[in-house]
Structure formats: C-alpha cells, structure tokens
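Colleague: As input, take data_37.pdb (PDB, N, CA and C atoms):
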```
ATOM      1  N   MET A   1      28.570   9.993   3.379  1.00  0.00           N
ATOM      2  CA  MET A   1      27.190   9.637   3.143  1.00  0.00           C
ATOM      3  C   MET A   1      26.319  10.867   3.386  1.00  0.00           C
ATOM      4  N   ASN A   2      25.450  11.180   2.457  1.00  0.00           N
ATOM      5  CA  ASN A   2      24.551  12.324   2.587  1.00  0.00           C
ATOM      6  C   ASN A   2      23.192  11.885   3.107  1.00  0.00           C
ATOM      7  N   TYR A   3      22.672  12.641   4.042  1.00  0.00           N
ATOM      8  CA  TYR A   3      21.358  12.369   4.596  1.00  0.00           C
ATOM      9  C   TYR A   3      20.441  13.542   4.329  1.00  0.00           C
ATOM     10  N   MET A   4      19.143  13.259   4.155  1.00  0.00           N
ATOM     11  CA  MET A   4      18.158  14.308   3.973  1.00  0.00           C
ATOM     12  C   MET A   4      17.149  14.209   5.102  1.00  0.00           C
ATOM     13  N   ASN A   5      16.748  15.339   5.630  1.00  0.00           N
ATOM     14  CA  ASN A   5      15.699  15.387   6.640  1.00  0.00           C
ATOM     15  C   ASN A   5      14.351  15.290   5.949  1.00  0.00           C
ATOM     16  N   ILE A   6      13.487  14.416   6.444  1.00  0.00           N
ATOM     17  CA  ILE A   6      12.168  14.219   5.850  1.00  0.00           C
ATOM     18  C   ILE A   6      11.107  14.597   6.860  1.00  0.00           C
ATOM     19  N   VAL A   7      10.117  15.357   6.402  1.00  0.00           N
ATOM     20  CA  VAL A   7       8.968  15.744   7.221  1.00  0.00           C
ATOM     21  C   VAL A   7       7.729  15.269   6.485  1.00  0.00           C
ATOM     22  N   VAL A   8       6.830  14.564   7.191  1.00  0.00           N
ATOM     23  CA  VAL A   8       5.592  14.078   6.583  1.00  0.00           C
ATOM     24  C   VAL A   8       4.431  14.848   7.190  1.00  0.00           C
ATOM     25  N   VAL A   9       3.608  15.448   6.328  1.00  0.00           N
ATOM     26  CA  VAL A   9       2.417  16.189   6.749  1.00  0.00           C
ATOM     27  C   VAL A   9       1.198  15.600   6.048  1.00  0.00           C
ATOM     28  N   GLU A  10      -0.005  16.051   6.437  1.00  0.00           N
ATOM     29  CA  GLU A  10      -1.232  15.431   5.948  1.00  0.00           C
ATOM     30  C   GLU A  10      -1.620  15.790   4.516  1.00  0.00           C
ATOM     31  N   SER A  11      -1.283  16.969   4.045  1.00  0.00           N
ATOM     32  CA  SER A  11      -1.799  17.369   2.733  1.00  0.00           C
ATOM     33  C   SER A  11      -0.700  17.970   1.851  1.00  0.00           C
ATOM     34  N   PRO A  12      -0.898  17.902   0.540  1.00  0.00           N
ATOM     35  CA  PRO A  12       0.073  18.508  -0.382  1.00  0.00           C
ATOM     36  C   PRO A  12       0.202  20.019  -0.196  1.00  0.00           C
ATOM     37  N   ALA A  13      -0.899  20.692   0.137  1.00  0.00           N
ATOM     38  CA  ALA A  13      -0.844  22.141   0.353  1.00  0.00           C
ATOM     39  C   ALA A  13       0.032  22.476   1.558  1.00  0.00           C
ATOM     40  N   LYS A  14      -0.112  21.717   2.641  1.00  0.00           N
ATOM     41  CA  LYS A  14       0.738  21.925   3.819  1.00  0.00           C
ATOM     42  C   LYS A  14       2.193  21.632   3.478  1.00  0.00           C
ATOM     43  N   ALA A  15       2.416  20.584   2.714  1.00  0.00           N
ATOM     44  CA  ALA A  15       3.782  20.215   2.343  1.00  0.00           C
ATOM     45  C   ALA A  15       4.455  21.343   1.565  1.00  0.00           C
ATOM     46  N   LYS A  16       3.735  21.922   0.648  1.00  0.00           N
ATOM     47  CA  LYS A  16       4.292  23.000  -0.173  1.00  0.00           C
ATOM     48  C   LYS A  16       4.635  24.220   0.682  1.00  0.00           C
ATOM     49  N   THR A  17       3.719  24.573   1.587  1.00  0.00           N
ATOM     50  CA  THR A  17       3.942  25.738   2.445  1.00  0.00           C
ATOM     51  C   THR A  17       5.101  25.513   3.399  1.00  0.00           C
ATOM     52  N   ILE A  18       5.123  24.375   4.059  1.00  0.00           N
ATOM     53  CA  ILE A  18       6.179  24.082   5.033  1.00  0.00           C
ATOM     54  C   ILE A  18       7.529  23.973   4.339  1.00  0.00           C
ATOM     55  N   ASN A  19       7.557  23.429   3.132  1.00  0.00           N
ATOM     56  CA  ASN A  19       8.805  23.305   2.373  1.00  0.00           C
ATOM     57  C   ASN A  19       9.439  24.667   2.109  1.00  0.00           C
ATOM     58  N   LYS A  20       8.612  25.690   1.913  1.00  0.00           N
ATOM     59  CA  LYS A  20       9.128  27.045   1.698  1.00  0.00           C
ATOM     60  C   LYS A  20       9.897  27.544   2.917  1.00  0.00           C
ATOM     61  N   TYR A  21       9.407  27.199   4.106  1.00  0.00           N
ATOM     62  CA  TYR A  21      10.048  27.653   5.335  1.00  0.00           C
ATOM     63  C   TYR A  21      11.295  26.849   5.683  1.00  0.00           C
ATOM     64  N   LEU A  22      11.279  25.564   5.405  1.00  0.00           N
ATOM     65  CA  LEU A  22      12.384  24.698   5.811  1.00  0.00           C
ATOM     66  C   LEU A  22      13.574  24.760   4.862  1.00  0.00           C
ATOM     67  N   GLY A  23      13.323  24.939   3.580  1.00  0.00           N
ATOM     68  CA  GLY A  23      14.419  25.078   2.636  1.00  0.00           C
ATOM     69  C   GLY A  23      14.925  23.761   2.071  1.00  0.00           C
ATOM     70  N   SER A  24      16.073  23.838   1.410  1.00  0.00           N
ATOM     71  CA  SER A  24      16.590  22.713   0.630  1.00  0.00           C
ATOM     72  C   SER A  24      17.132  21.560   1.467  1.00  0.00           C
ATOM     73  N   GLY A  25      17.345  21.757   2.747  1.00  0.00           N
ATOM     74  CA  GLY A  25      17.855  20.685   3.596  1.00  0.00           C
ATOM     75  C   GLY A  25      16.784  19.699   4.025  1.00  0.00           C
ATOM     76  N   TYR A  26      15.551  19.935   3.589  1.00  0.00           N
ATOM     77  CA  TYR A  26      14.427  19.090   3.989  1.00  0.00           C
ATOM     78  C   TYR A  26      13.608  18.658   2.781  1.00  0.00           C
ATOM     79  N   GLU A  27      13.049  17.485   2.875  1.00  0.00           N
ATOM     80  CA  GLU A  27      12.092  16.978   1.894  1.00  0.00           C
ATOM     81  C   GLU A  27      10.760  16.865   2.634  1.00  0.00           C
ATOM     82  N   VAL A  28       9.757  17.621   2.195  1.00  0.00           N
ATOM     83  CA  VAL A  28       8.448  17.602   2.851  1.00  0.00           C
ATOM     84  C   VAL A  28       7.497  16.803   1.976  1.00  0.00           C
ATOM     85  N   LEU A  29       6.941  15.736   2.538  1.00  0.00           N
ATOM     86  CA  LEU A  29       6.058  14.827   1.808  1.00  0.00           C
ATOM     87  C   LEU A  29       4.655  14.865   2.387  1.00  0.00           C
ATOM     88  N   ALA A  30       3.653  14.602   1.548  1.00  0.00           N
ATOM     89  CA  ALA A  30       2.259  14.559   1.996  1.00  0.00           C
ATOM     90  C   ALA A  30       1.795  13.113   2.110  1.00  0.00           C
ATOM     91  N   SER A  31       1.111  12.795   3.213  1.00  0.00           N
ATOM     92  CA  SER A  31       0.575  11.441   3.399  1.00  0.00           C
ATOM     93  C   SER A  31      -0.856  11.330   2.879  1.00  0.00           C
ATOM     94  N   TYR A  32      -1.452  12.462   2.485  1.00  0.00           N
ATOM     95  CA  TYR A  32      -2.833  12.514   1.995  1.00  0.00           C
ATOM     96  C   TYR A  32      -3.819  12.017   3.047  1.00  0.00           C
ATOM     97  N   GLY A  33      -3.634  12.433   4.297  1.00  0.00           N
ATOM     98  CA  GLY A  33      -4.528  12.071   5.389  1.00  0.00           C
ATOM     99  C   GLY A  33      -3.812  11.324   6.480  1.00  0.00           C
ATOM    100  N   HIS A  34      -4.580  10.912   7.474  1.00  0.00           N
ATOM    101  CA  HIS A  34      -4.009  10.204   8.618  1.00  0.00           C
ATOM    102  C   HIS A  34      -3.519   8.824   8.203  1.00  0.00           C
ATOM    103  N   VAL A  35      -2.362   8.453   8.683  1.00  0.00           N
ATOM    104  CA  VAL A  35      -1.806   7.133   8.427  1.00  0.00           C
ATOM    105  C   VAL A  35      -2.284   6.165   9.498  1.00  0.00           C
ATOM    106  N   ARG A  36      -2.427   6.662  10.715  1.00  0.00           N
ATOM    107  CA  ARG A  36      -2.916   5.824  11.798  1.00  0.00           C
ATOM    108  C   ARG A  36      -3.713   6.677  12.775  1.00  0.00           C
ATOM    109  N   ASP A  37      -4.596   6.053  13.526  1.00  0.00           N
ATOM    110  CA  ASP A  37      -5.431   6.718  14.504  1.00  0.00           C
ATOM    111  C   ASP A  37      -5.384   5.957  15.813  1.00  0.00           C
ATOM    112  N   LEU A  38      -5.693   6.646  16.894  1.00  0.00           N
ATOM    113  CA  LEU A  38      -5.834   5.964  18.169  1.00  0.00           C
ATOM    114  C   LEU A  38      -7.094   5.114  18.129  1.00  0.00           C
ATOM    115  N   LEU A  39      -7.078   3.990  18.825  1.00  0.00           N
ATOM    116  CA  LEU A  39      -8.252   3.119  18.873  1.00  0.00           C
ATOM    117  C   LEU A  39      -9.403   3.848  19.550  1.00  0.00           C
ATOM    118  N   ALA A  40     -10.588   3.760  18.973  1.00  0.00           N
ATOM    119  CA  ALA A  40     -11.753   4.434  19.539  1.00  0.00           C
ATOM    120  C   ALA A  40     -12.406   3.601  20.632  1.00  0.00           C
ATOM    121  N   LYS A  41     -12.475   2.314  20.448  1.00  0.00           N
ATOM    122  CA  LYS A  41     -13.137   1.422  21.397  1.00  0.00           C
ATOM    123  C   LYS A  41     -12.123   0.866  22.391  1.00  0.00           C
ATOM    124  N   ASP A  42     -12.573   0.605  23.599  1.00  0.00           N
ATOM    125  CA  ASP A  42     -11.757  -0.016  24.642  1.00  0.00           C
ATOM    126  C   ASP A  42     -10.552   0.831  25.057  1.00  0.00           C
ATOM    127  N   GLY A  43     -10.556   2.104  24.739  1.00  0.00           N
ATOM    128  CA  GLY A  43      -9.457   2.979  25.138  1.00  0.00           C
ATOM    129  C   GLY A  43      -8.275   2.909  24.202  1.00  0.00           C
ATOM    130  N   SER A  44      -7.432   3.912  24.279  1.00  0.00           N
ATOM    131  CA  SER A  44      -6.280   3.954  23.390  1.00  0.00           C
ATOM    132  C   SER A  44      -4.960   4.017  24.146  1.00  0.00           C
ATOM    133  N   VAL A  45      -5.011   3.926  25.467  1.00  0.00           N
ATOM    134  CA  VAL A  45      -3.814   3.925  26.289  1.00  0.00           C
ATOM    135  C   VAL A  45      -3.856   2.685  27.173  1.00  0.00           C
ATOM    136  N   ASP A  46      -2.754   1.945  27.188  1.00  0.00           N
ATOM    137  CA  ASP A  46      -2.680   0.724  27.982  1.00  0.00           C
ATOM    138  C   ASP A  46      -1.841   0.986  29.237  1.00  0.00           C
ATOM    139  N   PRO A  47      -2.508   1.255  30.395  1.00  0.00           N
ATOM    140  CA  PRO A  47      -1.756   1.560  31.606  1.00  0.00           C
ATOM    141  C   PRO A  47      -0.935   0.381  32.126  1.00  0.00           C
ATOM    142  N   GLU A  48      -1.301  -0.834  31.753  1.00  0.00           N
ATOM    143  CA  GLU A  48      -0.566  -2.025  32.191  1.00  0.00           C
ATOM    144  C   GLU A  48       0.737  -2.216  31.415  1.00  0.00           C
ATOM    145  N   ALA A  49       0.903  -1.505  30.324  1.00  0.00           N
ATOM    146  CA  ALA A  49       2.111  -1.629  29.488  1.00  0.00           C
ATOM    147  C   ALA A  49       2.830  -0.285  29.408  1.00  0.00           C
ATOM    148  N   ASN A  50       3.111   0.307  30.603  1.00  0.00           N
ATOM    149  CA  ASN A  50       3.838   1.576  30.660  1.00  0.00           C
ATOM    150  C   ASN A  50       3.131   2.689  29.890  1.00  0.00           C
ATOM    151  N   PHE A  51       1.791   2.656  29.895  1.00  0.00           N
ATOM    152  CA  PHE A  51       0.948   3.654  29.242  1.00  0.00           C
ATOM    153  C   PHE A  51       1.245   3.790  27.746  1.00  0.00           C
ATOM    154  N   SER A  52       1.488   2.671  27.097  1.00  0.00           N
ATOM    155  CA  SER A  52       1.744   2.699  25.655  1.00  0.00           C
ATOM    156  C   SER A  52       0.466   3.077  24.916  1.00  0.00           C
ATOM    157  N   MET A  53       0.645   3.722  23.796  1.00  0.00           N
ATOM    158  CA  MET A  53      -0.482   4.141  22.959  1.00  0.00           C
ATOM    159  C   MET A  53      -0.854   3.005  22.018  1.00  0.00           C
ATOM    160  N   LEU A  54      -2.135   2.749  21.873  1.00  0.00           N
ATOM    161  CA  LEU A  54      -2.609   1.709  20.968  1.00  0.00           C
ATOM    162  C   LEU A  54      -3.139   2.376  19.704  1.00  0.00           C
ATOM    163  N   TRP A  55      -2.539   2.027  18.576  1.00  0.00           N
ATOM    164  CA  TRP A  55      -2.849   2.657  17.297  1.00  0.00           C
ATOM    165  C   TRP A  55      -3.531   1.676  16.359  1.00  0.00           C
ATOM    166  N   ARG A  56      -4.277   2.206  15.416  1.00  0.00           N
ATOM    167  CA  ARG A  56      -4.910   1.423  14.363  1.00  0.00           C
ATOM    168  C   ARG A  56      -4.518   2.046  13.035  1.00  0.00           C
ATOM    169  N   LEU A  57      -3.975   1.248  12.128  1.00  0.00           N
ATOM    170  CA  LEU A  57      -3.630   1.750  10.804  1.00  0.00           C
ATOM    171  C   LEU A  57      -4.906   2.016  10.017  1.00  0.00           C
ATOM    172  N   ASP A  58      -4.909   3.069   9.232  1.00  0.00           N
ATOM    173  CA  ASP A  58      -6.061   3.416   8.397  1.00  0.00           C
ATOM    174  C   ASP A  58      -6.289   2.313   7.374  1.00  0.00           C
ATOM    175  N   ASP A  59      -7.523   1.828   7.252  1.00  0.00           N
ATOM    176  CA  ASP A  59      -7.837   0.743   6.316  1.00  0.00           C
ATOM    177  C   ASP A  59      -7.452   1.081   4.883  1.00  0.00           C
ATOM    178  N   LYS A  60      -7.508   2.353   4.506  1.00  0.00           N
ATOM    179  CA  LYS A  60      -7.147   2.766   3.146  1.00  0.00           C
ATOM    180  C   LYS A  60      -5.645   2.716   2.914  1.00  0.00           C
ATOM    181  N   ARG A  61      -4.866   2.695   4.002  1.00  0.00           N
ATOM    182  CA  ARG A  61      -3.417   2.758   3.872  1.00  0.00           C
ATOM    183  C   ARG A  61      -2.710   1.477   4.272  1.00  0.00           C
ATOM    184  N   GLY A  62      -3.343   0.667   5.081  1.00  0.00           N
ATOM    185  CA  GLY A  62      -2.664  -0.520   5.570  1.00  0.00           C
ATOM    186  C   GLY A  62      -3.637  -1.660   5.749  1.00  0.00           C
ATOM    187  N   SER A  63      -3.261  -2.595   6.577  1.00  0.00           N
ATOM    188  CA  SER A  63      -4.057  -3.805   6.748  1.00  0.00           C
ATOM    189  C   SER A  63      -5.132  -3.663   7.810  1.00  0.00           C
ATOM    190  N   GLY A  64      -5.184  -2.538   8.517  1.00  0.00           N
ATOM    191  CA  GLY A  64      -6.142  -2.384   9.590  1.00  0.00           C
ATOM    192  C   GLY A  64      -5.657  -2.997  10.887  1.00  0.00           C
ATOM    193  N   SER A  65      -4.393  -3.379  10.956  1.00  0.00           N
ATOM    194  CA  SER A  65      -3.848  -3.991  12.156  1.00  0.00           C
ATOM    195  C   SER A  65      -3.557  -2.937  13.205  1.00  0.00           C
ATOM    196  N   THR A  66      -3.331  -3.360  14.424  1.00  0.00           N
ATOM    197  CA  THR A  66      -3.018  -2.430  15.499  1.00  0.00           C
ATOM    198  C   THR A  66      -1.562  -2.527  15.878  1.00  0.00           C
ATOM    199  N   THR A  67      -1.032  -1.411  16.344  1.00  0.00           N
ATOM    200  CA  THR A  67       0.337  -1.367  16.827  1.00  0.00           C
ATOM    201  C   THR A  67       0.341  -0.601  18.128  1.00  0.00           C
ATOM    202  N   SER A  68       1.402  -0.722  18.893  1.00  0.00           N
ATOM    203  CA  SER A  68       1.504   0.056  20.117  1.00  0.00           C
ATOM    204  C   SER A  68       2.860   0.711  20.182  1.00  0.00           C
ATOM    205  N   HIS A  69       2.922   1.799  20.931  1.00  0.00           N
ATOM    206  CA  HIS A  69       4.170   2.540  21.072  1.00  0.00           C
ATOM    207  C   HIS A  69       4.251   3.044  22.500  1.00  0.00           C
ATOM    208  N   ALA A  70       5.261   2.636  23.218  1.00  0.00           N
ATOM    209  CA  ALA A  70       5.457   3.095  24.597  1.00  0.00           C
ATOM    210  C   ALA A  70       6.102   4.461  24.584  1.00  0.00           C
ATOM    211  N   PRO A  71       5.761   5.293  25.571  1.00  0.00           N
ATOM    212  CA  PRO A  71       6.348   6.654  25.616  1.00  0.00           C
ATOM    213  C   PRO A  71       7.836   6.626  25.885  1.00  0.00           C
TER     214      PRO A  71
END
```
Would you mind writing the file out in structure tokens?
Modeller:
Amino acid sequence: MNYMNIVVVESPAKAKTINKYLGSGYEVLASYGHVRDLLAKDGSVDPEANFSMLWRLDDKRGSGSTTSHAP
C-alpha cells in the first residue's frame, strides 16, 4: 500500500513554494484561509477539561459548530 504525505497551508502561493522544498514525496494543498479559529468569547482554553482548546469552524467552510481538542 502506498501512502502520500499531505501538508495543508493557507494559500496557493505558500503551497507552491513549500512543495518545491518538500519534493515528490509530499502533496501540498491550500485551504484558502483558516479552517478553524479559537473561540473569541468566553475564552478558548477549558482548564476543567485538561486545558483542551475550544475551536470554532469558519462559517464559510463549515457549519459554525465548535469542537475541542485536548493536548
């Protein structure tokens, strides 16, 4: 089974430049901006849940729902 390494960056220009450095073993893709952001209101770190990060999906890219990720 063949696997490819994928790197996601914010812009097509960055993707093109980084792809030159990484070579054929990598596929560099552009997300065209932020996919998710930390919550601005009420803090973005939940100390009661092992300091997990609270994220908000970009309305242009997703449903606007929140997710969390523990370190």
Colleague: Please provide as a list in words all residues within 7 Å of stretch 27-30 of chain A, with the sequence filter that same-chain residues fewer than 4 positions apart are discarded (counting only N, CA and C atoms).
Modeller: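 Listing them by chain and then by number gives Met4, Asn5, Ile6, Val7, Val8, Val9, Glu10, Ser11, Pro12, Ala15, Lys16, Ile18, Asn19 and Gly23 of chain A.
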Colleague: Pick out the closest residue to A:Tyr26 from this set: A:Phe51, A:Tyr3, A:Arg56, A:Ser44. Count only C-alpha atoms.
Modeller: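 Ranking A:Phe51, A:Tyr3, A:Arg56, A:Ser44 by distance to A:Tyr26, first place goes to A:Tyr3.
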Colleague: Quick one, how far is atom N of A:Ser24 from atom N of A:Asn2?
Modeller: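 Between atom N of A:Ser24 and atom N of A:Asn2 the gap works out to 15.8 Å.
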Colleague: Could you work out how far atom CA of A:Thr17 lies from atom C of A:Ser31, giving the answer in Å with one decimal?
Modeller: 15.2 Å
Colleague: Find the distance between atom N of A:Lys14 and atom C of A:Met1 and write it in Å to one decimal.
Modeller: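 These two atoms are separated by 28.6 Å.
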